[in-house]
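Asker: Take a look at the following structure, please.
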Amino acid sequence: MEYETPLFFRVMQYADRADRDVIDMVSGNPDWEPPGALREGLRDYADLEPDQFQYPPSEGLRELREEIAARRNVDAEQVVVTNGAGEANYLAMARALERDRGDEVVLTDPVYPYYPGKTTMLGGRQRFVAAAEDGQLDPADVREAASGETAAIVVNSPNNPTGAVYPEETIRELVGIAEEYDALLISDEVYDHFDLSGRFASALEIDSDHRIVTNAFSKSMAITGFRVGYAIFPPHLVENAKSRHMLVNVAGSRPSQYAVLRALRETEPEYYEESRELLAERVETFTDALEAAGAEYTTPQGSFYVMARFDDYPGTLENVERLIDEAGVAGMPGEAFGDSRSEWLRFALVTPRVSEAADRLAAYFE
């Protein structure tokens, strides 16, 4: 079986090889400081006894799972600590498909490209539902696409790449559709701390055995390299997920989990508020420049991505490479996220050079 490799690393490598200064707006790597308590936790960890440098429990440090469970109002036994949100989504999708309730995975268009890749890898079939221009998802469209062959419905809110935040009524209806077809709603909530709308609703707010919630600390704590995520499963589905996690990874990183636990316990809400305020400022700066350049653009309700469309400049890989070479700005081609945004480009606002990037784009498309 051959897999289609997502374009992210290909674009980043092209930008790295460019013979000029390039502003990286490709990847979702936050450029701000992690919590101070996380750094302190790492320093303390270095002085622990040798037994603390060995395998942690496969499903994650007990204290970390209990901390997550208390915050999410679930039992700690439902929590599996994973190698980032990527593995959390993999475990959730695998669990949905191995239930033998069908092999179809309903995805949105536009879509975060790792979801269709995982679907193929796990032997499932992709079925896409188009989101609205503003990125919102109409549950009626999902219900029309669902069938007895539907194993999972995968959604992401706040959304990458559109920035849409699904309100509570949308999430509730999606859970209801999953229940109706004996499928699983997989709700990827990795950007939950970057809700700029005040409308974010977690699928955990709806009591159901037909939903799995995935998340990670990669974005919220600005630690994408630590690879600490988690999945919360219904009680009857969690044991097989733990076994698959053990077979794939054995266990996660003990020092990363130790530091994250310290940060969870000691980081004040102001840390997350400051990140949101910084992001809101960058959104305004960037979209104002796009407006001046005559571009169409999205204003994200959450996450930290803006999509833009320039006249006669479709969102192809070739045009992204051209933009790197000629404007010194690296974004992602819209075609990477599905057919519906093939005319668009996506930019990640996780660089202190957002204003400079906006100026370069405005000058380039003037």
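Residue numbering restarts at 1 in every chain; chains get A, B, ... in the order shown in the structure tokens, and ligands count up from 1 in that same order.
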Going by DSSP on the backbone, which residues of region 142-243 of chain A come out as strand (DSSP E or B)? List them as a ChimeraX atom specification.
Answerer: /A:150-156,184-188,195,211-216,229-232
Asker: According to DSSP computed on the backbone, where in region 334-365 of chain A is there helix (DSSP H, G or I)? Give the residues as a PyMOL selection string.
Answerer: chain A and resi 334-337+339-341+354-364
Asker: Rounded to one decimal, what separation in Å do you get between CA of Ser303 (chain A) and CA of Tyr272 (chain A)?
Answerer: 12.8 Å
Asker: Could I get the residues of region 199-274 of chain A with an atom no further than 7 Å from an atom of region 51-65 of chain A, each paired with its nearest atom pair and that distance in Å to one decimal, using only C-alpha atoms, sorted by chain and residue number, as CSV?
Answerer:
residue,atom,partner,partner_atom,distance
A:Lys242,CA,A:Glu59,CA,6.2
A:Met246,CA,A:Ser58,CA,5.9
A:Val250,CA,A:Ser58,CA,6.0
A:Ala251,CA,A:Ser58,CA,4.2
A:Gly252,CA,A:Gly60,CA,6.8
A:Arg254,CA,A:Pro56,CA,5.6
A:Gln257,CA,A:Leu61,CA,7.0
A:Leu261,CA,A:Leu64,CA,5.5
Asker: Nearest residue to Val248 (chain A) out of A:Leu290, A:Val213, A:Leu185, A:Leu91, using only C-alpha atoms?
Answerer: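 Among the listed residues, A:Leu91 lies closest to Val248 (chain A).
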Asker: Which residues are close to region 116-119 of chain A, i.e. within 9 Å by only C-alpha atoms, leaving aside same-chain residues fewer than 5 positions away? Reply as a PDB file with C-alpha atoms, in the first residue's frame.
Answerer:
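And here's around_17.pdb as it stands now:
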ATOM      1  CA  TYR A   3       0.481   6.522   1.268  1.00  0.00           C
ATOM      2  CA  GLU A   4       0.314  10.128   0.170  1.00  0.00           C
ATOM      3  CA  THR A   5       2.770  12.136   2.259  1.00  0.00           C
ATOM      4  CA  PRO A   6       1.301  15.428   3.571  1.00  0.00           C
ATOM      5  CA  ASN A  89      -6.439  10.673  16.431  1.00  0.00           C
ATOM      6  CA  TYR A  90      -4.851   7.514  15.048  1.00  0.00           C
ATOM      7  CA  MET A  93      -9.889   6.279  14.173  1.00  0.00           C
ATOM      8  CA  ALA A  94      -8.486   2.778  14.552  1.00  0.00           C
ATOM      9  CA  GLU A 104     -16.363   4.707   5.939  1.00  0.00           C
ATOM     10  CA  VAL A 105     -14.915   7.792   7.641  1.00  0.00           C
ATOM     11  CA  LEU A 107     -14.446  14.024   6.888  1.00  0.00           C
ATOM     12  CA  VAL A 111      -9.750  18.916   5.887  1.00  0.00           C
ATOM     13  CA  GLY A 124     -11.014   2.939   5.678  1.00  0.00           C
ATOM     14  CA  ARG A 125     -12.829   4.811   2.912  1.00  0.00           C
ATOM     15  CA  GLN A 126     -13.045   8.593   2.846  1.00  0.00           C
TER      16      GLN A 126
END
Asker: Quote the spacing between CA of Phe365 (chain A) and CA of Phe9 (chain A) in Å to one decimal place.
Answerer: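 Distance between the two atoms: 25.7 Å.
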Asker: Compare A:Phe8, A:Tyr230, A:Tyr14, A:Phe217 by their minimum atom-to-atom distance to Ala336 (chain A), counting only C-alpha atoms, and give me the closest one.
Answerer: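 With only C-alpha atoms as the atom set, the closest residue is A:Phe8.
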Asker: List as a list in words the protein and nucleic acid residues near Asp138 (chain A), meaning an atom at most 10 Å away when only C-alpha atoms are counted, but skip any in the same chain fewer than 5 places from it.
Answerer: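 That gives Val129, Ala130, Ala131, Ala132, Arg143, Tyr166, Thr170, Glu173 and Leu174 of chain A.
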Asker: Just the selected residues (all heavy atoms), exported as an mmCIF file, in the first residue's frame, please.
Answerer:
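File written: part18.cif
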data_model
loop_
_atom_site.group_PDB
_atom_site.id
_atom_site.type_symbol
_atom_site.label_atom_id
_atom_site.label_comp_id
_atom_site.auth_asym_id
_atom_site.auth_seq_id
_atom_site.Cartn_x
_atom_site.Cartn_y
_atom_site.Cartn_z
ATOM 1 N N VAL A 129 -17.640 15.928 3.379
ATOM 2 C CA VAL A 129 -18.780 16.830 3.486
ATOM 3 C C VAL A 129 -18.235 18.249 3.420
ATOM 4 O O VAL A 129 -17.346 18.617 4.201
ATOM 5 C CB VAL A 129 -19.542 16.626 4.809
ATOM 6 C CG1 VAL A 129 -20.649 17.666 4.952
ATOM 7 C CG2 VAL A 129 -20.112 15.221 4.881
ATOM 8 N N ALA A 130 -18.751 19.039 2.503
ATOM 9 C CA ALA A 130 -18.237 20.393 2.320
ATOM 10 C C ALA A 130 -18.668 21.299 3.469
ATOM 11 O O ALA A 130 -19.836 21.300 3.867
ATOM 12 C CB ALA A 130 -18.721 20.968 0.992
ATOM 13 N N ALA A 131 -17.722 22.067 3.977
ATOM 14 C CA ALA A 131 -18.038 23.099 4.960
ATOM 15 C C ALA A 131 -18.483 24.363 4.228
ATOM 16 O O ALA A 131 -18.235 24.524 3.026
ATOM 17 C CB ALA A 131 -16.815 23.399 5.822
ATOM 18 N N ALA A 132 -19.133 25.243 4.939
ATOM 19 C CA ALA A 132 -19.570 26.519 4.355
ATOM 20 C C ALA A 132 -18.360 27.416 4.112
ATOM 21 O O ALA A 132 -17.242 27.122 4.529
ATOM 22 C CB ALA A 132 -20.565 27.201 5.282
ATOM 23 N N ARG A 143 -25.515 14.366 8.158
ATOM 24 C CA ARG A 143 -26.533 13.309 8.241
ATOM 25 C C ARG A 143 -26.828 12.729 6.859
ATOM 26 O O ARG A 143 -27.003 11.515 6.707
ATOM 27 C CB ARG A 143 -27.814 13.855 8.874
ATOM 28 C CG ARG A 143 -28.942 12.818 8.932
ATOM 29 C CD ARG A 143 -30.134 13.273 9.741
ATOM 30 N NE ARG A 143 -29.925 13.020 11.174
ATOM 31 C CZ ARG A 143 -29.628 13.949 12.065
ATOM 32 N NH1 ARG A 143 -29.506 15.214 11.683
ATOM 33 N NH2 ARG A 143 -29.457 13.640 13.329
ATOM 34 N N TYR A 166 -17.082 25.462 16.101
ATOM 35 C CA TYR A 166 -18.438 24.909 16.041
ATOM 36 C C TYR A 166 -19.172 25.190 17.353
ATOM 37 O O TYR A 166 -18.659 24.887 18.436
ATOM 38 C CB TYR A 166 -18.410 23.402 15.814
ATOM 39 C CG TYR A 166 -17.700 22.961 14.561
ATOM 40 C CD1 TYR A 166 -17.189 21.667 14.458
ATOM 41 C CD2 TYR A 166 -17.536 23.809 13.470
ATOM 42 C CE1 TYR A 166 -16.548 21.228 13.310
ATOM 43 C CE2 TYR A 166 -16.889 23.395 12.321
ATOM 44 C CZ TYR A 166 -16.388 22.096 12.243
ATOM 45 O OH TYR A 166 -15.737 21.675 11.118
ATOM 46 N N THR A 170 -24.135 22.423 17.128
ATOM 47 C CA THR A 170 -23.542 21.616 16.060
ATOM 48 C C THR A 170 -22.920 20.348 16.626
ATOM 49 O O THR A 170 -23.140 19.240 16.109
ATOM 50 C CB THR A 170 -22.472 22.430 15.296
ATOM 51 O OG1 THR A 170 -23.099 23.512 14.619
ATOM 52 C CG2 THR A 170 -21.733 21.558 14.289
ATOM 53 N N GLU A 173 -25.591 17.854 17.691
ATOM 54 C CA GLU A 173 -26.215 17.159 16.563
ATOM 55 C C GLU A 173 -25.260 16.133 15.952
ATOM 56 O O GLU A 173 -25.698 15.055 15.530
ATOM 57 C CB GLU A 173 -26.659 18.170 15.516
ATOM 58 C CG GLU A 173 -27.876 18.988 15.916
ATOM 59 C CD GLU A 173 -28.433 19.798 14.757
ATOM 60 O OE1 GLU A 173 -28.775 19.183 13.736
ATOM 61 O OE2 GLU A 173 -28.507 21.030 14.873
ATOM 62 N N LEU A 174 -23.986 16.440 15.911
ATOM 63 C CA LEU A 174 -23.022 15.476 15.370
ATOM 64 C C LEU A 174 -22.935 14.231 16.244
ATOM 65 O O LEU A 174 -22.847 13.108 15.731
ATOM 66 C CB LEU A 174 -21.648 16.135 15.238
ATOM 67 C CG LEU A 174 -21.532 17.249 14.200
ATOM 68 C CD1 LEU A 174 -20.154 17.898 14.264
ATOM 69 C CD2 LEU A 174 -21.814 16.739 12.788
#
Asker: Tell me which of A:Ala37, A:Ala203, A:Ile68, A:Val228 sits closest to Gly86 (chain A), counting only C-alpha atoms.
Answerer: A:Val228
Asker: Write out as a VMD selection string which residues come within 12 Å of Arg43 (chain A) when counting only C-alpha atoms, dropping same-chain ones fewer than 3 positions away.
Answerer: chain A and resid 36 to 40 46 to 48 255 to 256 258 to 259 262
Asker: With C-alpha atoms retained, could you export that selection as an mmCIF file, in the first residue's frame?
Answerer:
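Writing done, so here's result_21.cif:
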data_model
loop_
_atom_site.group_PDB
_atom_site.id
_atom_site.type_symbol
_atom_site.label_atom_id
_atom_site.label_comp_id
_atom_site.auth_asym_id
_atom_site.auth_seq_id
_atom_site.Cartn_x
_atom_site.Cartn_y
_atom_site.Cartn_z
ATOM 1 C CA GLY A 36 7.607 28.852 33.247
ATOM 2 C CA ALA A 37 6.564 25.884 35.365
ATOM 3 C CA LEU A 38 7.274 23.569 32.435
ATOM 4 C CA ARG A 39 10.909 24.692 32.269
ATOM 5 C CA GLU A 40 11.172 24.291 36.038
ATOM 6 C CA ALA A 46 17.188 16.030 35.618
ATOM 7 C CA ASP A 47 17.958 15.486 39.323
ATOM 8 C CA LEU A 48 15.582 12.574 39.920
ATOM 9 C CA PRO A 255 10.242 13.643 31.222
ATOM 10 C CA SER A 256 7.811 15.329 28.825
ATOM 11 C CA TYR A 258 6.448 15.069 34.097
ATOM 12 C CA ALA A 259 7.038 18.624 32.868
ATOM 13 C CA ARG A 262 3.988 20.426 36.549
#
Asker: Between A:Ile324, A:Ala216, A:Ala330, A:Ala293, which has the minimum distance to Thr82 (chain A) (counting only C-alpha atoms)?
Answerer: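 For Thr82 (chain A), the nearest of the candidates is A:Ala216.
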